[in-house]
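**Q** I'm passing along entry35.txt; it holds compact mmCIF, C-alpha atoms.
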# COMPACT_ATOMS: atom_id res chain seq x y z
CA MET T 1 5.62 0.96 -20.62
CA VAL T 2 6.37 3.45 -17.86
CA ARG T 3 7.38 2.24 -14.41
CA PRO T 4 4.88 3.12 -11.65
CA GLN T 5 5.57 6.17 -9.52
CA HIS T 6 5.58 6.03 -5.74
CA GLY T 7 6.00 8.31 -2.76
CA GLY T 8 8.91 8.34 -0.33
CA GLU T 9 11.45 9.98 -2.66
CA VAL T 10 13.06 11.99 0.15
CA TRP T 11 16.48 11.11 -1.28
CA GLU T 12 15.66 13.35 -4.29
CA HIS T 13 15.27 16.39 -2.07
CA SER T 14 16.48 17.55 1.33
CA PRO T 15 16.91 14.97 4.12
CA HIS T 16 15.20 17.52 6.35
CA LEU T 17 11.86 17.18 4.56
CA ILE T 18 8.99 15.81 6.60
CA ASP T 19 7.72 12.93 4.48
CA PHE T 20 3.92 12.61 4.39
CA SER T 21 4.02 10.78 1.05
CA CYS T 22 4.91 7.34 2.45
CA ASN T 23 2.34 5.45 4.55
CA LEU T 24 4.47 4.03 7.35
CA ASN T 25 3.95 3.41 11.04
CA PRO T 26 4.24 6.87 12.66
CA PHE T 27 6.15 5.39 15.62
CA GLY T 28 9.03 4.27 13.43
CA PRO T 29 10.71 0.85 13.72
CA PRO T 30 10.27 -1.07 16.99
CA GLU T 31 13.07 -0.35 19.46
CA GLU T 32 14.55 -3.87 19.16
CA THR T 33 15.17 -3.44 15.42
CA ILE T 34 18.80 -2.32 15.65
CA LYS T 35 19.59 -4.98 18.25
CA ILE T 36 18.26 -7.78 16.03
CA ILE T 37 20.25 -6.50 13.04
CA LEU T 38 23.50 -6.21 15.02
CA GLU T 39 23.07 -9.68 16.51
CA ASN T 40 22.91 -11.14 13.01
CA MET T 41 25.61 -9.11 11.27
CA ASN T 42 28.18 -11.92 11.52
CA TYR T 43 25.95 -14.16 9.38
CA ILE T 44 26.08 -11.96 6.28
CA ILE T 45 29.16 -13.89 5.10
CA ASN T 46 26.72 -16.73 4.27
CA TYR T 47 24.02 -17.06 1.65
CA PRO T 48 20.53 -16.69 3.12
CA ASP T 49 18.19 -19.65 3.45
CA ASP T 50 16.55 -19.71 0.03
CA GLN T 51 13.34 -21.20 1.47
CA CYS T 52 13.12 -18.78 4.45
CA THR T 53 12.34 -21.82 6.61
CA HIS T 54 12.54 -20.16 10.02
CA LEU T 55 10.58 -17.12 8.89
CA LYS T 56 7.87 -19.27 7.32
CA SER T 57 7.63 -21.24 10.58
CA THR T 58 7.26 -18.00 12.56
CA LEU T 59 4.58 -16.78 10.15
CA SER T 60 2.81 -20.14 10.29
CA ASP T 61 2.51 -19.89 14.07
CA HIS T 62 1.51 -16.22 13.92
CA LEU T 63 -1.16 -16.69 11.24
CA ASP T 64 -2.25 -20.25 12.08
CA VAL T 65 -1.63 -21.26 8.48
CA PRO T 66 0.40 -24.31 7.28
CA LEU T 67 3.94 -23.69 6.00
CA ARG T 68 3.01 -25.01 2.56
CA ASN T 69 0.60 -22.10 2.12
CA ILE T 70 3.21 -19.37 2.70
CA ILE T 71 5.69 -17.62 0.41
CA VAL T 72 8.12 -14.86 1.37
CA GLY T 73 9.18 -12.03 -0.92
CA CYS T 74 11.51 -9.06 -1.28
CA GLY T 75 8.65 -6.85 -0.17
CA SER T 76 5.10 -7.70 -1.16
CA THR T 77 5.74 -6.07 -4.55
CA GLU T 78 7.97 -9.00 -5.56
CA LEU T 79 4.99 -11.26 -4.94
CA ILE T 80 2.86 -9.18 -7.32
CA LYS T 81 5.54 -9.70 -9.97
CA ALA T 82 5.83 -13.44 -9.22
CA PHE T 83 2.03 -13.85 -9.39
CA ALA T 84 1.91 -12.17 -12.80
CA GLU T 85 4.84 -14.20 -14.09
CA ALA T 86 3.33 -17.46 -12.89
CA PHE T 87 -0.26 -16.97 -14.02
CA VAL T 88 -0.71 -14.16 -16.58
CA LYS T 89 0.03 -14.87 -20.23
CA GLN T 90 -0.32 -12.96 -23.49
CA ASN T 91 -3.82 -11.46 -23.97
CA ASP T 92 -5.14 -12.64 -20.61
CA HIS T 93 -7.46 -10.02 -19.10
CA VAL T 94 -6.94 -8.87 -15.52
CA ILE T 95 -9.20 -6.54 -13.57
CA VAL T 96 -7.95 -3.77 -11.28
CA CYS T 97 -9.69 -0.86 -9.59
CA SER T 98 -9.08 2.77 -10.50
CA PRO T 99 -7.39 4.27 -8.60
CA THR T 100 -5.27 1.60 -6.93
CA TYR T 101 -1.65 0.52 -6.51
CA ASP T 102 -0.07 0.72 -9.97
CA GLU T 103 2.17 -2.35 -9.73
CA TYR T 104 -0.70 -4.81 -10.37
CA ALA T 105 -1.37 -3.40 -13.84
CA PHE T 106 2.31 -2.85 -14.60
CA TYR T 107 3.48 -6.43 -14.09
CA CYS T 108 0.43 -7.95 -15.77
CA GLN T 109 1.01 -5.74 -18.81
CA PHE T 110 4.68 -6.70 -18.70
CA MET T 111 3.56 -10.32 -19.19
CA GLY T 112 1.33 -9.34 -22.11
CA GLY T 113 -1.90 -9.12 -20.14
CA ILE T 114 -4.73 -6.69 -20.89
CA VAL T 115 -5.90 -4.54 -17.98
CA ASP T 116 -9.59 -3.75 -17.45
CA ARG T 117 -10.34 -1.08 -14.85
CA VAL T 118 -13.28 -0.78 -12.47
CA PRO T 119 -13.73 2.90 -11.54
CA LEU T 120 -14.08 3.72 -7.86
CA ARG T 121 -16.55 6.57 -7.90
CA GLU T 122 -16.39 9.72 -5.82
CA ASP T 123 -20.17 9.75 -5.38
CA LYS T 124 -19.90 6.26 -3.84
CA GLU T 125 -17.12 7.44 -1.48
CA PHE T 126 -14.68 5.31 -3.50
CA PHE T 127 -16.05 2.03 -2.19
CA LEU T 128 -15.92 -0.98 -4.51
CA GLU T 129 -19.11 -1.68 -6.43
CA ALA T 130 -19.00 -5.46 -6.79
CA GLU T 131 -21.64 -5.56 -9.51
CA SER T 132 -19.56 -3.26 -11.73
CA LEU T 133 -16.64 -5.61 -11.28
CA PHE T 134 -18.72 -8.71 -12.06
CA GLU T 135 -19.82 -7.12 -15.34
CA LEU T 136 -16.20 -7.24 -16.52
CA VAL T 137 -15.54 -10.86 -15.54
CA ASP T 138 -15.86 -13.22 -18.48
CA GLY T 139 -14.11 -16.17 -20.11
CA SER T 140 -11.05 -14.06 -20.97
CA THR T 141 -10.48 -12.91 -17.37
CA ARG T 142 -7.49 -14.48 -15.65
CA ALA T 143 -7.34 -12.58 -12.37
CA VAL T 144 -8.81 -9.81 -10.24
CA PHE T 145 -6.57 -7.62 -8.07
CA LEU T 146 -7.97 -5.89 -4.98
CA CYS T 147 -6.13 -3.72 -2.45
CA ASN T 148 -7.77 -3.72 0.98
CA PRO T 149 -7.51 -1.11 2.45
CA ASN T 150 -7.14 0.47 -0.96
CA ASN T 151 -4.20 2.68 -1.84
CA PRO T 152 -4.61 5.66 -2.38
CA THR T 153 -8.29 6.04 -1.35
CA SER T 154 -7.85 4.58 2.19
CA ARG T 155 -11.10 2.64 1.72
CA PHE T 156 -11.55 -0.65 3.61
CA GLU T 157 -14.00 -3.32 2.47
CA SER T 158 -15.50 -5.95 4.77
CA LYS T 159 -14.43 -9.57 4.56
CA ASN T 160 -17.93 -10.55 3.47
CA LYS T 161 -17.75 -8.19 0.49
CA ILE T 162 -14.30 -9.43 -0.53
CA LEU T 163 -15.40 -13.05 -0.24
CA GLU T 164 -18.38 -12.28 -2.45
CA VAL T 165 -15.88 -11.34 -5.15
CA VAL T 166 -13.70 -14.40 -4.42
CA GLU T 167 -16.63 -16.79 -4.66
CA GLU T 168 -18.06 -15.24 -7.84
CA CYS T 169 -14.61 -15.44 -9.44
CA GLU T 170 -14.10 -19.00 -8.20
CA ASN T 171 -17.30 -20.04 -9.98
CA LYS T 172 -15.81 -18.64 -13.20
CA SER T 173 -12.28 -20.05 -12.68
CA VAL T 174 -10.81 -16.58 -12.11
CA MET T 175 -7.99 -15.98 -9.63
CA VAL T 176 -8.14 -13.25 -6.98
CA PHE T 177 -5.12 -11.41 -5.58
CA ILE T 178 -5.85 -9.50 -2.34
CA ASP T 179 -3.23 -6.98 -1.17
CA GLU T 180 -3.56 -6.40 2.59
CA ALA T 181 -0.43 -4.24 3.00
CA PHE T 182 -2.20 -1.76 5.32
CA ILE T 183 -4.68 -4.01 7.10
CA ASP T 184 -2.63 -4.20 10.33
CA PHE T 185 -3.34 -0.50 10.95
CA LEU T 186 -7.06 -1.21 11.45
CA ARG T 187 -8.58 -2.58 14.65
CA GLU T 188 -11.02 -4.61 12.56
CA GLY T 189 -8.22 -5.71 10.23
CA LYS T 190 -7.48 -9.08 11.77
CA SER T 191 -11.10 -10.24 11.81
CA ASN T 192 -11.61 -9.07 8.22
CA SER T 193 -8.41 -10.44 6.73
CA CYS T 194 -8.78 -13.13 4.05
CA VAL T 195 -5.64 -14.98 5.16
CA SER T 196 -7.75 -17.56 6.99
CA GLU T 197 -9.75 -18.25 3.80
CA VAL T 198 -6.98 -19.45 1.49
CA GLN T 199 -7.54 -23.10 2.32
CA ASN T 200 -11.24 -22.72 1.49
CA HIS T 201 -10.75 -21.09 -1.93
CA ASP T 202 -8.29 -22.48 -4.48
CA ASN T 203 -8.34 -19.23 -6.47
CA LEU T 204 -7.29 -16.93 -3.60
CA PHE T 205 -3.89 -15.38 -2.85
CA VAL T 206 -3.33 -12.77 -0.10
CA SER T 207 -0.20 -10.62 0.14
CA ARG T 208 0.96 -8.82 3.28
CA SER T 209 3.71 -6.30 3.96
CA LEU T 210 5.99 -6.04 6.98
CA THR T 211 7.64 -2.83 5.81
CA LYS T 212 4.58 -0.61 6.32
CA ILE T 213 3.45 -1.70 9.78
CA PHE T 214 7.00 -1.92 11.19
CA SER T 215 8.19 1.22 9.34
CA ILE T 216 11.16 -0.53 7.71
CA PRO T 217 10.78 0.23 3.96
CA GLY T 218 14.55 0.07 3.51
CA VAL T 219 14.45 -3.58 4.62
CA ARG T 220 12.56 -5.39 1.90
CA VAL T 221 10.41 -8.21 3.25
CA GLY T 222 6.78 -9.23 2.71
CA TYR T 223 4.85 -12.48 2.52
CA GLY T 224 1.90 -14.08 0.85
CA VAL T 225 -0.59 -16.80 1.72
CA GLY T 226 -2.42 -18.92 -0.81
CA GLY T 227 -3.51 -22.38 -1.85
CA GLU T 228 -0.76 -24.98 -2.07
CA GLU T 229 -0.82 -25.08 -5.88
CA ILE T 230 -0.66 -21.29 -6.15
CA ILE T 231 2.35 -21.16 -3.82
CA LYS T 232 4.08 -23.93 -5.75
CA TYR T 233 3.89 -22.04 -9.04
CA MET T 234 4.80 -18.67 -7.54
CA ASP T 235 7.82 -20.19 -5.84
CA LYS T 236 9.15 -21.12 -9.28
CA ALA T 237 8.82 -17.49 -10.41
CA ARG T 238 10.57 -15.81 -7.49
CA LEU T 239 14.24 -14.84 -7.51
CA SER T 240 16.60 -17.24 -5.71
CA TRP T 241 17.86 -15.90 -2.35
CA ASN T 242 15.28 -13.15 -2.65
CA VAL T 243 15.21 -12.31 1.07
CA GLY T 244 18.50 -11.61 2.81
CA ILE T 245 19.75 -12.95 6.13
CA LEU T 246 19.20 -9.67 7.99
CA GLU T 247 15.68 -9.31 6.56
CA GLN T 248 14.73 -12.84 7.59
CA ALA T 249 16.15 -12.42 11.10
CA LEU T 250 14.52 -9.04 11.61
CA ALA T 251 11.13 -10.25 10.38
CA CYS T 252 11.24 -13.25 12.72
CA GLY T 253 12.18 -11.10 15.69
CA LEU T 254 9.54 -8.44 15.09
CA ILE T 255 6.68 -10.84 14.35
CA GLY T 256 7.45 -12.86 17.44
CA ASP T 257 7.15 -9.90 19.78
CA CYS T 258 4.84 -7.36 18.18
CA HIS T 259 1.55 -7.39 20.11
CA SER T 260 2.06 -4.32 22.31
CA TYR T 261 3.64 -2.34 19.43
CA LEU T 262 0.74 -3.16 17.10
CA GLU T 263 -1.88 -2.35 19.72
CA ARG T 264 -0.27 1.02 20.44
CA THR T 265 -0.12 1.74 16.70
CA VAL T 266 -3.77 0.87 16.06
CA ARG T 267 -4.93 2.94 19.02
CA PHE T 268 -2.94 5.98 17.91
CA VAL T 269 -3.95 5.76 14.22
CA GLU T 270 -7.63 5.42 15.18
CA THR T 271 -7.53 8.69 17.07
CA GLU T 272 -5.18 10.66 14.85
CA LYS T 273 -6.77 9.86 11.49
CA ARG T 274 -10.15 11.01 12.84
CA ARG T 275 -8.64 14.24 14.17
CA MET T 276 -6.75 14.92 10.92
CA TYR T 277 -9.86 14.30 8.83
CA GLU T 278 -12.03 16.61 10.93
CA LYS T 279 -9.50 19.45 10.90
CA LEU T 280 -8.79 19.11 7.18
CA SER T 281 -12.52 19.23 6.48
CA CYS T 282 -12.65 22.66 8.14
CA ILE T 283 -9.90 24.21 5.99
CA GLY T 284 -11.06 25.86 2.79
CA GLY T 285 -9.99 24.24 -0.49
CA TYR T 286 -9.58 20.68 0.82
CA GLN T 287 -12.10 17.86 0.53
CA PRO T 288 -10.69 14.84 2.36
CA VAL T 289 -12.22 11.39 1.96
CA ARG T 290 -12.99 9.85 5.34
CA PRO T 291 -10.00 7.56 5.99
CA ASP T 292 -10.11 3.92 7.04
CA ALA T 293 -6.36 3.30 6.91
CA ASN T 294 -3.31 5.29 8.04
CA PHE T 295 -3.49 7.82 5.19
CA ILE T 296 -5.98 10.33 3.78
CA PHE T 297 -7.02 10.88 0.15
CA VAL T 298 -7.71 14.59 -0.38
CA LYS T 299 -9.36 16.44 -3.27
CA ILE T 300 -7.83 19.90 -3.86
CA LYS T 301 -9.74 20.97 -6.98
CA GLU T 302 -11.25 24.00 -5.23
CA LEU T 303 -7.76 25.48 -4.83
CA GLY T 304 -7.40 25.76 -8.61
CA VAL T 305 -3.98 24.08 -8.41
CA ASN T 306 -3.26 20.59 -9.76
CA SER T 307 -1.66 18.01 -7.52
CA THR T 308 1.79 18.25 -9.17
CA ASP T 309 1.99 22.00 -8.63
CA PHE T 310 0.65 21.60 -5.11
CA LYS T 311 3.32 19.02 -4.29
CA ASN T 312 5.98 21.45 -5.51
CA ILE T 313 4.51 24.24 -3.38
CA MET T 314 4.61 22.05 -0.28
CA LEU T 315 8.21 21.03 -1.03
CA THR T 316 9.26 24.67 -0.73
CA HIS T 317 7.77 24.60 2.77
CA GLY T 318 9.61 21.43 3.80
CA PHE T 319 6.79 18.90 3.37
CA LEU T 320 6.64 16.00 0.90
CA ILE T 321 3.11 14.88 0.04
CA ARG T 322 1.93 12.31 -2.52
CA ASP T 323 0.93 13.71 -5.89
CA CYS T 324 -1.87 11.36 -7.04
CA SER T 325 -1.82 12.35 -10.71
CA SER T 326 0.23 9.19 -11.36
CA PHE T 327 -2.95 7.19 -10.68
CA GLY T 328 -4.50 8.71 -13.81
CA GLU T 329 -5.66 12.05 -15.21
CA ALA T 330 -8.91 11.77 -13.25
CA PHE T 331 -6.88 12.13 -10.03
CA SER T 332 -4.71 15.10 -10.99
CA ASN T 333 -6.56 17.12 -8.35
CA TYR T 334 -5.96 14.68 -5.51
CA ILE T 335 -3.16 14.31 -3.00
CA ARG T 336 -2.50 11.69 -0.34
CA ILE T 337 -1.07 12.37 3.10
CA ALA T 338 0.09 9.86 5.70
CA ILE T 339 -0.74 9.87 9.39
CA LYS T 340 2.42 10.71 11.31
CA LYS T 341 3.18 11.77 14.88
CA SER T 342 0.84 14.34 16.42
CA GLU T 343 3.27 17.26 16.33
CA GLN T 344 4.17 16.57 12.70
CA ASN T 345 0.50 16.32 11.77
CA ALA T 346 -0.18 19.61 13.51
CA GLY T 347 2.66 21.25 11.58
CA LEU T 348 1.29 19.98 8.28
CA LEU T 349 -2.23 21.14 9.05
CA GLU T 350 -0.95 24.61 9.98
CA LYS T 351 0.98 24.85 6.69
CA LEU T 352 -1.92 23.48 4.61
CA LYS T 353 -4.17 26.12 6.11
CA ALA T 354 -1.70 28.92 5.40
CA VAL T 355 -1.10 27.76 1.81
CA SER T 356 -4.83 27.42 1.16
CA GLU T 357 -5.57 30.90 2.47
CA GLU T 358 -2.84 32.46 0.34
CA ILE T 359 -3.84 30.58 -2.83
CA LEU T 360 -7.52 31.38 -2.44
CA SER T 361 -6.86 35.03 -1.67
CA SER T 362 -4.08 35.72 -4.18
CA GLY T 363 -4.83 33.36 -7.07
CA ARG T 364 -3.07 30.37 -8.51
CA LYS T 365 -0.28 32.01 -10.53
CA LYS T 366 1.56 33.30 -7.51
CA PHE T 367 1.94 29.78 -6.16
CA GLU T 368 3.07 27.84 -9.20
CA ALA T 369 6.55 26.81 -8.12
CA PRO T 370 9.07 27.02 -11.01
CA GLU T 371 10.77 23.73 -11.90
CA LYS T 372 14.28 24.78 -10.85
CA SER T 373 13.24 26.03 -7.44
CA ILE T 374 12.08 22.63 -6.23
CA SER T 375 14.66 20.27 -7.74
CA LYS T 376 16.42 20.47 -4.37
CA CYS T 377 14.64 21.71 -1.29
Is it possible to give me this structure as structure tokens?

**A**
Amino acid sequence: MVRPQHGGEVWEHSPHLIDFSCNLNPFGPPEETIKIILENMNYIINYPDDQCTHLKSTLSDHLDVPLRNIIVGCGSTELIKAFAEAFVKQNDHVIVCSPTYDEYAFYCQFMGGIVDRVPLREDKEFFLEAESLFELVDGSTRAVFLCNPNNPTSRFESKNKILEVVEECENKSVMVFIDEAFIDFLREGKSNSCVSEVQNHDNLFVSRSLTKIFSIPGVRVGYGVGGEEIIKYMDKARLSWNVGILEQALACGLIGDCHSYLERTVRFVETEKRRMYEKLSCIGGYQPVRPDANFIFVKIKELGVNSTDFKNIMLTHGFLIRDCSSFGEAFSNYIRIAIKKSEQNAGLLEKLKAVSEEILSSGRKKFEAPEKSISKC
């Protein structure tokens, strides 16, 4: 097994790179972040609360969900691992989309599960085709994993469509894991979240991330909401003291006072993703998929350069973009770029246009960056 690859590897290159590979809030952490951390520094001489009681209480009030339906993790990725450890056994089948976040398949395979993939088709704009998924669900299926909005395609499915999957799976005793890591970036995200449905469907678990929306990936904290029995079993699988004192304090502080920050974020992303998509569509060689979330999935096949070479080319210009070949050979001509601040986006668009013009006019060979030239930018 090979560990999944991710973006955000700025530490491998120059700290002066502009990182478009990691889908974080373009405004950076809320201004009270440092204050909350400093106010709680004296408590790091103690073990953290293993049950995250105060944080769960804050989340319960914020989500209007009982405490018993909440679990907190070292990022939402720990919850993917705990879910697989608690529920997937040798030769169980699980269903994931292709492409999607690689950790679902990885941890299920780690537990001996067999992964069945539902292709998200370009001619369907990468939206989920529920009927194709239902064709794979049978007596051997243990769980279905859905990412909404989906990473890397930026596609968002309505709550009604997701619940159609949940209900069909519930009728067949199949669990459903919904990853809503990017849903807070959408204005329609709150009304389409499945968090409010966990008490109505015993087979449903929903994970959420705080690191993306608050731009704090170095502080690992996420949470999940599910039926009481699901939470009970997952709690047995998680690592003891999995969320540190500073993480718990910061999460409580940010969740309790986040409305204006979130509203500003949603308003900015709405405008900027539309502008980025329209401008990218006008540059030769790029075929962006209309984005729903705070990142854009872009086909670059017309450039005649695969996504790995293209990433290396952009590194030499000071930009880190996401090479999507790790999602499978079918996506070796796709990249993913995040929505960042307006001036950074403008700089990327200018460089993408210049690189495209030079590649298309001069041919591919000139722009294949040699391995050694991009090990450090």

**Q** Please identify all polymer residues lying at most 12 Å from the point (-4.4, -17.0, 15.7) (file coordinates), using all atoms listed in the file, and present the result as a PyMOL selection string.

**A** chain T and resi 59-65+190-191+193+195-196

**Q** Using all atoms listed in the file, which of T:Val305, T:Ile296, T:Met314, T:Ala86 sits nearest Ala338 of chain T?

**A**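 Distance minimum relative to Ala338 of chain T lands on T:Ile296.
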
**Q** Around (4.9, -11.3, -8.7) in the file's own coordinates, what residues are found within 10 Å if you use only C-alpha atoms, given back as a PDB file with C-alpha atoms, in the frame of the given file?

**A**
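Okay, result26.pdb is ready:
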ATOM      1  CA  GLY T  73       9.180 -12.030  -0.920  1.00  0.00           C
ATOM      2  CA  SER T  76       5.100  -7.700  -1.160  1.00  0.00           C
ATOM      3  CA  THR T  77       5.740  -6.070  -4.550  1.00  0.00           C
ATOM      4  CA  GLU T  78       7.970  -9.000  -5.560  1.00  0.00           C
ATOM      5  CA  LEU T  79       4.990 -11.260  -4.940  1.00  0.00           C
ATOM      6  CA  ILE T  80       2.860  -9.180  -7.320  1.00  0.00           C
ATOM      7  CA  LYS T  81       5.540  -9.700  -9.970  1.00  0.00           C
ATOM      8  CA  ALA T  82       5.830 -13.440  -9.220  1.00  0.00           C
ATOM      9  CA  PHE T  83       2.030 -13.850  -9.390  1.00  0.00           C
ATOM     10  CA  ALA T  84       1.910 -12.170 -12.800  1.00  0.00           C
ATOM     11  CA  GLU T  85       4.840 -14.200 -14.090  1.00  0.00           C
ATOM     12  CA  ALA T  86       3.330 -17.460 -12.890  1.00  0.00           C
ATOM     13  CA  PHE T  87      -0.260 -16.970 -14.020  1.00  0.00           C
ATOM     14  CA  GLU T 103       2.170  -2.350  -9.730  1.00  0.00           C
ATOM     15  CA  TYR T 104      -0.700  -4.810 -10.370  1.00  0.00           C
ATOM     16  CA  TYR T 107       3.480  -6.430 -14.090  1.00  0.00           C
ATOM     17  CA  CYS T 108       0.430  -7.950 -15.770  1.00  0.00           C
ATOM     18  CA  MET T 234       4.800 -18.670  -7.540  1.00  0.00           C
ATOM     19  CA  ASP T 235       7.820 -20.190  -5.840  1.00  0.00           C
ATOM     20  CA  ALA T 237       8.820 -17.490 -10.410  1.00  0.00           C
ATOM     21  CA  ARG T 238      10.570 -15.810  -7.490  1.00  0.00           C
TER      22      ARG T 238
END

**Q** For Thr141 of chain T, which residue among T:Val176, T:Val298, T:Ile231, T:Cys22 is the nearest when counting all atoms listed in the file?

**A**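 Of T:Val176, T:Val298, T:Ile231, T:Cys22, the one nearest Thr141 of chain T, counting all atoms listed in the file, is T:Val176.
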
**Q** Which residues come within 7 Å of segment 257-270 of chain T, counting only C-alpha atoms, excluding same-chain residues fewer than 3 positions away, as a ChimeraX atom specification?

**A** /T:185-187,253-254,273-274,294

**Q** Using all atoms listed in the file, which residue out of T:Asp292, T:Glu32, T:Glu170, T:Asp184 lies closest to Glu125 of chain T?

**A**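 Nearest candidate to Glu125 of chain T out of T:Asp292, T:Glu32, T:Glu170, T:Asp184: T:Asp292.
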
**Q** Some atoms are absent from segment 204-227 of chain T, so rebuild N, CA and C atoms and return them as an mmCIF file, in the coordinates of the input.

**A**
data_model
loop_
_atom_site.group_PDB
_atom_site.id
_atom_site.type_symbol
_atom_site.label_atom_id
_atom_site.label_comp_id
_atom_site.auth_asym_id
_atom_site.auth_seq_id
_atom_site.Cartn_x
_atom_site.Cartn_y
_atom_site.Cartn_z
ATOM 1 N N LEU T 204 -7.597 -18.102 -4.420
ATOM 2 C CA LEU T 204 -7.290 -16.930 -3.600
ATOM 3 C C LEU T 204 -5.817 -16.856 -3.196
ATOM 4 N N PHE T 205 -5.234 -15.662 -3.361
ATOM 5 C CA PHE T 205 -3.890 -15.380 -2.850
ATOM 6 C C PHE T 205 -3.941 -14.035 -2.119
ATOM 7 N N VAL T 206 -3.332 -13.990 -0.931
ATOM 8 C CA VAL T 206 -3.330 -12.770 -0.100
ATOM 9 C C VAL T 206 -1.885 -12.358 0.165
ATOM 10 N N SER T 207 -1.546 -11.122 -0.154
ATOM 11 C CA SER T 207 -0.200 -10.620 0.140
ATOM 12 C C SER T 207 -0.243 -9.672 1.332
ATOM 13 N N ARG T 208 0.839 -9.696 2.108
ATOM 14 C CA ARG T 208 0.960 -8.820 3.280
ATOM 15 C C ARG T 208 2.348 -8.186 3.285
ATOM 16 N N SER T 209 2.444 -7.019 3.891
ATOM 17 C CA SER T 209 3.710 -6.300 3.960
ATOM 18 C C SER T 209 4.152 -6.142 5.409
ATOM 19 N N LEU T 210 5.435 -6.329 5.662
ATOM 20 C CA LEU T 210 5.990 -6.040 6.980
ATOM 21 C C LEU T 210 6.618 -4.644 7.026
ATOM 22 N N THR T 211 6.932 -4.103 5.845
ATOM 23 C CA THR T 211 7.640 -2.830 5.810
ATOM 24 C C THR T 211 6.768 -1.658 6.240
ATOM 25 N N LYS T 212 5.464 -1.717 5.973
ATOM 26 C CA LYS T 212 4.580 -0.610 6.320
ATOM 27 C C LYS T 212 4.320 -0.564 7.832
ATOM 28 N N ILE T 213 3.868 -1.693 8.379
ATOM 29 C CA ILE T 213 3.450 -1.700 9.780
ATOM 30 C C ILE T 213 4.631 -1.566 10.741
ATOM 31 N N PHE T 214 5.824 -2.048 10.332
ATOM 32 C CA PHE T 214 7.000 -1.920 11.190
ATOM 33 C C PHE T 214 7.888 -0.743 10.778
ATOM 34 N N SER T 215 7.469 0.027 9.787
ATOM 35 C CA SER T 215 8.190 1.220 9.340
ATOM 36 C C SER T 215 9.640 0.908 8.963
ATOM 37 N N ILE T 216 9.816 -0.128 8.138
ATOM 38 C CA ILE T 216 11.160 -0.530 7.710
ATOM 39 C C ILE T 216 11.202 -0.673 6.175
ATOM 40 N N PRO T 217 10.819 0.373 5.412
ATOM 41 C CA PRO T 217 10.780 0.230 3.960
ATOM 42 C C PRO T 217 12.142 -0.030 3.326
ATOM 43 N N GLY T 218 13.220 0.340 4.036
ATOM 44 C CA GLY T 218 14.550 0.070 3.510
ATOM 45 C C GLY T 218 14.976 -1.372 3.685
ATOM 46 N N VAL T 219 14.202 -2.144 4.441
ATOM 47 C CA VAL T 219 14.450 -3.580 4.620
ATOM 48 C C VAL T 219 13.320 -4.297 3.896
ATOM 49 N N ARG T 220 13.613 -4.898 2.775
ATOM 50 C CA ARG T 220 12.560 -5.390 1.900
ATOM 51 C C ARG T 220 12.113 -6.799 2.283
ATOM 52 N N VAL T 221 10.941 -6.886 2.893
ATOM 53 C CA VAL T 221 10.410 -8.210 3.250
ATOM 54 C C VAL T 221 8.883 -8.149 3.349
ATOM 55 N N GLY T 222 8.229 -9.076 2.666
ATOM 56 C CA GLY T 222 6.780 -9.230 2.710
ATOM 57 C C GLY T 222 6.470 -10.716 2.570
ATOM 58 N N TYR T 223 5.210 -11.065 2.650
ATOM 59 C CA TYR T 223 4.850 -12.480 2.520
ATOM 60 C C TYR T 223 3.470 -12.605 1.910
ATOM 61 N N GLY T 224 3.206 -13.801 1.430
ATOM 62 C CA GLY T 224 1.900 -14.080 0.850
ATOM 63 C C GLY T 224 1.393 -15.420 1.309
ATOM 64 N N VAL T 225 0.070 -15.565 1.286
ATOM 65 C CA VAL T 225 -0.590 -16.800 1.720
ATOM 66 C C VAL T 225 -1.579 -17.202 0.640
ATOM 67 N N GLY T 226 -1.515 -18.457 0.239
ATOM 68 C CA GLY T 226 -2.420 -18.920 -0.810
ATOM 69 C C GLY T 226 -2.553 -20.427 -0.811
ATOM 70 N N GLY T 227 -3.370 -20.948 -1.712
ATOM 71 C CA GLY T 227 -3.510 -22.380 -1.850
ATOM 72 C C GLY T 227 -2.182 -23.030 -2.210
#
